[in-house]
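File shown: work.pdb (PDB, C-alpha atoms, pLDDT in the B column).
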```
MODEL        1
ATOM      1  CA  MET A   1       0.000   0.000   0.000  1.00 35.00           C
ATOM      2  CA  ALA A   2       1.416   3.366  -0.955  1.00 38.00           C
ATOM      3  CA  MET A   3       2.554   5.799   1.687  1.00 36.00           C
ATOM      4  CA  TRP A   4       0.998   9.214   1.604  1.00 44.00           C
ATOM      5  CA  SER A   5       1.164  12.547   3.281  1.00 42.00           C
ATOM      6  CA  ALA A   6      -0.500  15.848   2.789  1.00 47.00           C
ATOM      7  CA  ILE A   7       1.150  19.003   1.565  1.00 47.00           C
ATOM      8  CA  PRO A   8       0.754  21.973   3.879  1.00 49.00           C
ATOM      9  CA  ILE A   9       0.181  25.159   1.912  1.00 47.00           C
ATOM     10  CA  HIS A  10       0.457  28.606   3.414  1.00 45.00           C
ATOM     11  CA  ILE A  11      -2.518  30.789   2.576  1.00 41.00           C
ATOM     12  CA  ALA A  12      -2.007  34.458   3.153  1.00 40.00           C
ATOM     13  CA  MET A  13      -4.875  35.879   5.130  1.00 37.00           C
ATOM     14  CA  ALA A  14      -5.541  39.571   5.026  1.00 41.00           C
ATOM     15  CA  ASN A  15      -5.048  41.409   8.335  1.00 39.00           C
ATOM     16  CA  THR A  16      -4.511  38.318  10.437  1.00 41.00           C
ATOM     17  CA  ASP A  17      -1.659  36.341  11.862  1.00 43.00           C
ATOM     18  CA  ASN A  18      -3.748  33.171  12.185  1.00 46.00           C
ATOM     19  CA  ARG A  19      -1.678  30.617  10.306  1.00 38.00           C
ATOM     20  CA  SER A  20      -2.504  27.581  12.406  1.00 53.00           C
ATOM     21  CA  HIS A  21      -4.444  25.776   9.675  1.00 65.00           C
ATOM     22  CA  TYR A  22      -2.857  24.932   6.375  1.00 79.00           C
ATOM     23  CA  PRO A  23      -4.933  23.016   3.886  1.00 80.00           C
ATOM     24  CA  LEU A  24      -3.866  19.415   3.473  1.00 88.00           C
ATOM     25  CA  ILE A  25      -3.793  18.267  -0.107  1.00 89.00           C
ATOM     26  CA  ALA A  26      -3.666  14.717  -1.413  1.00 89.00           C
ATOM     27  CA  ILE A  27      -3.361  13.487  -4.949  1.00 88.00           C
ATOM     28  CA  VAL A  28      -5.165  10.599  -6.628  1.00 90.00           C
ATOM     29  CA  ASP A  29      -4.940   9.237 -10.155  1.00 89.00           C
ATOM     30  CA  PHE A  30      -8.678   8.614 -10.467  1.00 89.00           C
ATOM     31  CA  GLN A  31      -8.391   7.049 -13.917  1.00 90.00           C
ATOM     32  CA  LYS A  32      -5.619   4.661 -12.853  1.00 91.00           C
ATOM     33  CA  VAL A  33      -7.520   3.568  -9.758  1.00 93.00           C
ATOM     34  CA  THR A  34     -10.688   2.806 -11.696  1.00 93.00           C
ATOM     35  CA  ARG A  35      -8.771   1.097 -14.513  1.00 92.00           C
ATOM     36  CA  GLU A  36      -6.599  -1.090 -12.255  1.00 94.00           C
ATOM     37  CA  SER A  37      -9.240  -1.948  -9.667  1.00 96.00           C
ATOM     38  CA  LYS A  38     -10.737  -5.434  -9.591  1.00 96.00           C
ATOM     39  CA  ALA A  39     -14.100  -3.998 -10.596  1.00 96.00           C
ATOM     40  CA  GLY A  40     -12.536  -2.118 -13.517  1.00 96.00           C
ATOM     41  CA  ILE A  41     -10.812  -5.268 -14.723  1.00 96.00           C
ATOM     42  CA  SER A  42     -14.070  -7.180 -14.301  1.00 96.00           C
ATOM     43  CA  ILE A  43     -15.939  -4.648 -16.436  1.00 96.00           C
ATOM     44  CA  ARG A  44     -13.442  -4.916 -19.277  1.00 96.00           C
ATOM     45  CA  GLU A  45     -13.547  -8.729 -19.130  1.00 96.00           C
ATOM     46  CA  GLN A  46     -17.353  -8.777 -19.251  1.00 96.00           C
ATOM     47  CA  VAL A  47     -17.512  -6.276 -22.103  1.00 96.00           C
ATOM     48  CA  ASN A  48     -14.846  -8.225 -24.028  1.00 97.00           C
ATOM     49  CA  LYS A  49     -16.764 -11.471 -23.504  1.00 96.00           C
ATOM     50  CA  GLN A  50     -19.990  -9.873 -24.746  1.00 96.00           C
ATOM     51  CA  HIS A  51     -18.081  -8.354 -27.676  1.00 97.00           C
ATOM     52  CA  ALA A  52     -16.821 -11.820 -28.671  1.00 97.00           C
ATOM     53  CA  PHE A  53     -20.389 -13.166 -28.487  1.00 95.00           C
ATOM     54  CA  PHE A  54     -21.688 -10.323 -30.656  1.00 96.00           C
ATOM     55  CA  GLN A  55     -18.800 -10.770 -33.085  1.00 97.00           C
ATOM     56  CA  GLU A  56     -19.678 -14.445 -33.574  1.00 96.00           C
ATOM     57  CA  GLU A  57     -23.276 -13.471 -34.288  1.00 95.00           C
ATOM     58  CA  ILE A  58     -22.215 -10.788 -36.769  1.00 96.00           C
ATOM     59  CA  ASN A  59     -19.723 -13.095 -38.494  1.00 97.00           C
ATOM     60  CA  ARG A  60     -22.423 -15.731 -38.930  1.00 96.00           C
ATOM     61  CA  LEU A  61     -24.820 -13.191 -40.418  1.00 96.00           C
ATOM     62  CA  GLN A  62     -22.124 -11.783 -42.692  1.00 96.00           C
ATOM     63  CA  THR A  63     -21.357 -15.290 -43.965  1.00 96.00           C
ATOM     64  CA  GLU A  64     -25.041 -15.890 -44.684  1.00 95.00           C
ATOM     65  CA  LEU A  65     -25.244 -12.560 -46.487  1.00 95.00           C
ATOM     66  CA  GLU A  66     -22.115 -13.302 -48.530  1.00 95.00           C
ATOM     67  CA  THR A  67     -23.564 -16.667 -49.580  1.00 95.00           C
ATOM     68  CA  GLU A  68     -26.747 -14.930 -50.635  1.00 93.00           C
ATOM     69  CA  ARG A  69     -24.742 -12.354 -52.606  1.00 92.00           C
ATOM     70  CA  GLN A  70     -22.880 -15.111 -54.440  1.00 92.00           C
ATOM     71  CA  ASN A  71     -26.162 -16.866 -55.222  1.00 89.00           C
ATOM     72  CA  LEU A  72     -27.505 -13.611 -56.625  1.00 87.00           C
ATOM     73  CA  GLN A  73     -24.468 -13.248 -58.870  1.00 87.00           C
ATOM     74  CA  ASP A  74     -25.037 -16.764 -60.177  1.00 85.00           C
ATOM     75  CA  LEU A  75     -28.659 -15.878 -61.009  1.00 81.00           C
ATOM     76  CA  GLN A  76     -27.833 -12.581 -62.672  1.00 80.00           C
ATOM     77  CA  GLU A  77     -28.898 -12.360 -66.283  1.00 77.00           C
ATOM     78  CA  PRO A  78     -28.413  -9.691 -68.946  1.00 77.00           C
ATOM     79  CA  LYS A  79     -32.050  -8.710 -68.512  1.00 79.00           C
ATOM     80  CA  PRO A  80     -32.976  -9.145 -64.801  1.00 79.00           C
ATOM     81  CA  SER A  81     -36.273 -10.918 -64.119  1.00 85.00           C
ATOM     82  CA  GLU A  82     -38.814  -9.716 -61.578  1.00 87.00           C
ATOM     83  CA  LYS A  83     -37.781 -12.554 -59.271  1.00 85.00           C
ATOM     84  CA  PHE A  84     -34.124 -11.474 -59.467  1.00 85.00           C
ATOM     85  CA  LYS A  85     -35.040  -7.839 -58.774  1.00 85.00           C
ATOM     86  CA  ARG A  86     -37.038  -8.925 -55.717  1.00 91.00           C
ATOM     87  CA  LEU A  87     -34.164 -11.111 -54.457  1.00 89.00           C
ATOM     88  CA  ARG A  88     -31.685  -8.261 -54.983  1.00 90.00           C
ATOM     89  CA  SER A  89     -33.968  -5.879 -53.102  1.00 93.00           C
ATOM     90  CA  ASP A  90     -34.314  -8.406 -50.245  1.00 94.00           C
ATOM     91  CA  TYR A  91     -30.522  -8.758 -50.143  1.00 93.00           C
ATOM     92  CA  ARG A  92     -30.053  -4.985 -49.843  1.00 95.00           C
ATOM     93  CA  LEU A  93     -32.575  -4.815 -47.001  1.00 96.00           C
ATOM     94  CA  LYS A  94     -30.766  -7.605 -45.160  1.00 95.00           C
ATOM     95  CA  ALA A  95     -27.430  -5.822 -45.638  1.00 95.00           C
ATOM     96  CA  GLU A  96     -28.906  -2.620 -44.214  1.00 96.00           C
ATOM     97  CA  LYS A  97     -30.364  -4.547 -41.252  1.00 96.00           C
ATOM     98  CA  LEU A  98     -26.964  -6.067 -40.592  1.00 96.00           C
ATOM     99  CA  GLN A  99     -25.376  -2.605 -40.555  1.00 96.00           C
ATOM    100  CA  ARG A 100     -27.993  -1.413 -38.069  1.00 96.00           C
ATOM    101  CA  LEU A 101     -27.400  -4.512 -35.934  1.00 96.00           C
ATOM    102  CA  VAL A 102     -23.644  -3.852 -35.862  1.00 96.00           C
ATOM    103  CA  GLN A 103     -24.272  -0.275 -34.749  1.00 96.00           C
ATOM    104  CA  ALA A 104     -26.775  -1.407 -32.105  1.00 95.00           C
ATOM    105  CA  ARG A 105     -24.326  -3.967 -30.709  1.00 96.00           C
ATOM    106  CA  LYS A 106     -21.618  -1.316 -30.471  1.00 96.00           C
ATOM    107  CA  ARG A 107     -23.996   0.992 -28.592  1.00 95.00           C
ATOM    108  CA  GLN A 108     -24.929  -1.864 -26.235  1.00 95.00           C
ATOM    109  CA  LEU A 109     -21.270  -2.567 -25.454  1.00 96.00           C
ATOM    110  CA  ASP A 110     -20.611   1.133 -24.871  1.00 96.00           C
ATOM    111  CA  GLN A 111     -23.616   1.358 -22.534  1.00 95.00           C
ATOM    112  CA  MET A 112     -22.461  -1.683 -20.573  1.00 95.00           C
ATOM    113  CA  PHE A 113     -19.019  -0.154 -20.098  1.00 96.00           C
ATOM    114  CA  VAL A 114     -20.293   3.306 -19.157  1.00 95.00           C
ATOM    115  CA  GLN A 115     -22.822   1.932 -16.642  1.00 94.00           C
ATOM    116  CA  GLY A 116     -20.147  -0.170 -14.975  1.00 95.00           C
ATOM    117  CA  MET A 117     -17.673   2.707 -14.817  1.00 95.00           C
ATOM    118  CA  ARG A 118     -20.300   4.983 -13.291  1.00 94.00           C
ATOM    119  CA  GLN A 119     -20.764   2.477 -10.475  1.00 95.00           C
ATOM    120  CA  ILE A 120     -17.027   2.379  -9.843  1.00 95.00           C
ATOM    121  CA  GLU A 121     -16.668   6.154  -9.970  1.00 92.00           C
ATOM    122  CA  LYS A 122     -19.550   6.640  -7.549  1.00 93.00           C
ATOM    123  CA  GLU A 123     -18.045   4.165  -5.074  1.00 94.00           C
ATOM    124  CA  LEU A 124     -14.561   5.638  -5.458  1.00 93.00           C
ATOM    125  CA  ALA A 125     -15.847   9.162  -4.793  1.00 89.00           C
ATOM    126  CA  GLN A 126     -17.338   7.922  -1.497  1.00 92.00           C
ATOM    127  CA  ILE A 127     -14.089   6.138  -0.609  1.00 94.00           C
ATOM    128  CA  LEU A 128     -12.085   9.307  -1.263  1.00 91.00           C
ATOM    129  CA  LYS A 129     -14.401  11.259   1.033  1.00 90.00           C
ATOM    130  CA  VAL A 130     -13.787   8.709   3.797  1.00 92.00           C
ATOM    131  CA  ILE A 131     -10.012   8.801   3.254  1.00 92.00           C
ATOM    132  CA  ALA A 132     -10.119  12.596   3.352  1.00 89.00           C
ATOM    133  CA  ALA A 133     -12.042  12.556   6.637  1.00 88.00           C
ATOM    134  CA  GLU A 134      -9.736   9.934   8.186  1.00 91.00           C
ATOM    135  CA  ARG A 135      -6.580  11.793   7.229  1.00 89.00           C
ATOM    136  CA  GLY A 136      -7.764  15.356   7.627  1.00 87.00           C
ATOM    137  CA  ILE A 137      -7.346  16.072   3.938  1.00 88.00           C
ATOM    138  CA  ASP A 138      -8.863  19.329   2.771  1.00 86.00           C
ATOM    139  CA  ILE A 139      -8.340  18.906  -0.979  1.00 85.00           C
ATOM    140  CA  ILE A 140      -7.852  15.910  -3.236  1.00 88.00           C
ATOM    141  CA  LEU A 141      -6.432  16.641  -6.664  1.00 87.00           C
ATOM    142  CA  ASN A 142      -6.846  14.361  -9.654  1.00 87.00           C
ATOM    143  CA  THR A 143      -3.653  13.687 -11.560  1.00 84.00           C
ATOM    144  CA  ALA A 144      -5.155  11.514 -14.309  1.00 77.00           C
ATOM    145  CA  ARG A 145      -3.818  11.987 -17.822  1.00 72.00           C
ATOM    146  CA  GLY A 146      -5.598  14.735 -19.630  1.00 72.00           C
ATOM    147  CA  GLN A 147      -6.754  16.168 -16.315  1.00 65.00           C
ATOM    148  CA  ASN A 148      -3.371  17.061 -14.870  1.00 63.00           C
ATOM    149  CA  VAL A 149      -3.842  19.699 -12.261  1.00 67.00           C
ATOM    150  CA  VAL A 150      -0.673  18.807 -10.376  1.00 65.00           C
ATOM    151  CA  ILE A 151       2.643  20.350 -11.343  1.00 50.00           C
ATOM    152  CA  PHE A 152       4.705  18.667  -8.662  1.00 54.00           C
ATOM    153  CA  ALA A 153       3.971  16.196  -5.922  1.00 60.00           C
ATOM    154  CA  LYS A 154       6.130  14.101  -3.675  1.00 64.00           C
ATOM    155  CA  PRO A 155       5.443  10.395  -4.222  1.00 71.00           C
ATOM    156  CA  ASN A 156       4.315   9.994  -0.612  1.00 70.00           C
ATOM    157  CA  THR A 157       1.417  12.405  -1.218  1.00 75.00           C
ATOM    158  CA  LEU A 158      -0.315  10.005  -3.601  1.00 78.00           C
ATOM    159  CA  ILE A 159      -3.296   8.148  -2.185  1.00 87.00           C
ATOM    160  CA  SER A 160      -4.178   6.252  -5.371  1.00 88.00           C
ATOM    161  CA  GLU A 161      -2.981   2.875  -4.093  1.00 90.00           C
ATOM    162  CA  ASP A 162      -4.883   3.257  -0.820  1.00 92.00           C
ATOM    163  CA  ALA A 163      -8.010   4.275  -2.730  1.00 93.00           C
ATOM    164  CA  LYS A 164      -7.632   1.336  -5.143  1.00 94.00           C
ATOM    165  CA  SER A 165      -7.107  -1.101  -2.265  1.00 94.00           C
ATOM    166  CA  ARG A 166     -10.285   0.096  -0.549  1.00 95.00           C
ATOM    167  CA  LEU A 167     -12.212   0.056  -3.821  1.00 95.00           C
ATOM    168  CA  ASN A 168     -11.095  -3.550  -4.342  1.00 95.00           C
ATOM    169  CA  GLU A 169     -12.357  -4.429  -0.860  1.00 95.00           C
ATOM    170  CA  GLN A 170     -15.671  -2.599  -1.106  1.00 94.00           C
ATOM    171  CA  LEU A 171     -16.434  -3.244  -4.775  1.00 93.00           C
ATOM    172  CA  PRO A 172     -14.447  -6.266  -5.948  1.00 92.00           C
ATOM    173  CA  ASN A 173     -16.739  -7.030  -8.850  1.00 91.00           C
ATOM    174  CA  ILE A 174     -19.559  -5.557 -10.877  1.00 90.00           C
ATOM    175  CA  SER A 175     -22.116  -7.679 -12.661  1.00 90.00           C
ATOM    176  CA  LEU A 176     -23.067  -5.921 -15.846  1.00 89.00           C
ATOM    177  CA  ALA A 177     -26.505  -6.384 -17.270  1.00 85.00           C
ATOM    178  CA  VAL A 178     -26.183  -8.147 -20.591  1.00 82.00           C
ATOM    179  CA  PRO A 179     -28.271  -6.373 -23.199  1.00 74.00           C
ATOM    180  CA  GLN A 180     -31.335  -8.048 -24.626  1.00 74.00           C
ATOM    181  CA  ILE A 181     -30.375  -9.942 -27.741  1.00 67.00           C
ATOM    182  CA  MET A 182     -32.649  -9.806 -30.698  1.00 57.00           C
ATOM    183  CA  THR A 183     -32.494 -13.149 -32.442  1.00 55.00           C
ATOM    184  CA  LYS A 184     -34.527 -12.229 -35.479  1.00 55.00           C
ATOM    185  CA  LYS A 185     -33.128 -13.767 -38.585  1.00 56.00           C
ATOM    186  CA  ILE A 186     -31.929 -11.262 -41.100  1.00 54.00           C
TER     187      ILE A 186
ENDMDL
END
```
For this file, produce the structure as structure tokens.
Amino acid sequence: MAMWSAIPIHIAMANTDNRSHYPLIAIVDFQKVTRESKAGISIREQVNKQHAFFQEEINRLQTELETERQNLQDLQEPKPSEKFKRLRSDYRLKAEKLQRLVQARKRQLDQMFVQGMRQIEKELAQILKVIAAERGIDIILNTARGQNVVIFAKPNTLISEDAKSRLNEQLPNISLAVPQIMTKKI
């Protein structure tokens, strides 16, 4: 578990010599904690498993569609018959449905991931409040990539490992709701 300490910062107060309270600041890499936590790993595993399931379904449908396309090519004549035109139209509709299905599956996977991460983030925010209360921390800064608000920090001021350890204890796993699967044949 990582060591931590808070950074005392002197705040100049107008017309007063009261300098007995310096804010204590701690630093957490929120993104790293959520990503490396057991729950975060669990979310990625579940989403990847569902992705593989969806990919099998899509591959099967693509194969069926490709077979149908080849059959259409074999039936093609210089002057297309009404039956051929109808089959070609049906093929196009099935191809469009497959595209919509692919997009829907992607949205479902994204929703699964986002819902899981929201649960982790909510729990982690509560954990950080508890750590702050226990340690008398006044401010917790997030040092996640893209959100860097820390210019310098001693390594012992980081509380990410403590936060991740507690998150692992309090939320070791998240069960994601698997989206309803439409099994209509294309």
Length of the atom CA of Ile139 of chain A to atom CA of Ala26 of chain A vector [Å]: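 Calculated distance between atom CA of Ile139 of chain A and atom CA of Ala26 of chain A is 6.3 Å.
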Explicit residue set for the PyMOL selection byres ((chain A and resi 105) around 12), as a PyMOL selection string: chain A and resi 47+50-58+98-104+106-112+178-182
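Here atom CA of Gln62 of chain A stands at a distance of 25.3 Å from atom CA of Glu82 of chain A.
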Surrounding residues of Asn173 of chain A excluding itself and chain neighbours under 4 positions, 12 Å, all atoms listed in the file, as a PyMOL selection string: chain A and resi 34+37-46+116-117+119-120+123+167-169
Nearest-residue call for Asp29 of chain A, choices A:Arg86, A:Arg166, A:Arg145, A:Lys79, using only C-alpha atoms: A:Arg145
Near-Arg69 of chain A list (9 Å; only C-alpha atoms; drop same-chain fewer than 5 positions) as a VMD selection string: chain A and resid 64 74 88 91
Atoms kept (C-alpha atoms) for selection, written as a compact mmCIF listing (two decimals), in the coordinates of the input:
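Dumped everything to selection-v3.txt:
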```txt
# COMPACT_ATOMS: atom_id res chain seq x y z
CA GLU A 64 -25.04 -15.89 -44.68
CA ASP A 74 -25.04 -16.76 -60.18
CA ARG A 88 -31.68 -8.26 -54.98
CA TYR A 91 -30.52 -8.76 -50.14
```
Answer as a ChimeraX atom specification, residues within 7 Å of (-6.7, 17.5, 2.6) using all atoms listed in the file: /A:6,23-26,132,136-140
Between atom CA of Phe30 of chain A and atom CA of Lys49 of chain A, distance in Å (one decimal):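 Going from atom CA of Phe30 of chain A over to atom CA of Lys49 of chain A, I get 25.3 Å.
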Please define a box with edges along x, y and z of the file around all atoms of segment 99-102 of chain A given in the file, extend it by 3 Å on each side, and return its centre and edge lengths in Å to one decimal, as lines of an AutoDock Vina configuration file.
```
center_x = -25.8
center_y = -3.0
center_z = -38.2
size_x = 10.3
size_y = 9.1
size_z = 10.7
```
Which residue of A:Arg118, A:Val28, A:Tyr22, A:Ser175 approaches Asn142 of chain A most closely, using all atoms listed in the file: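 Once distances to Asn142 of chain A are computed over all atoms listed in the file, the minimum belongs to A:Val28.
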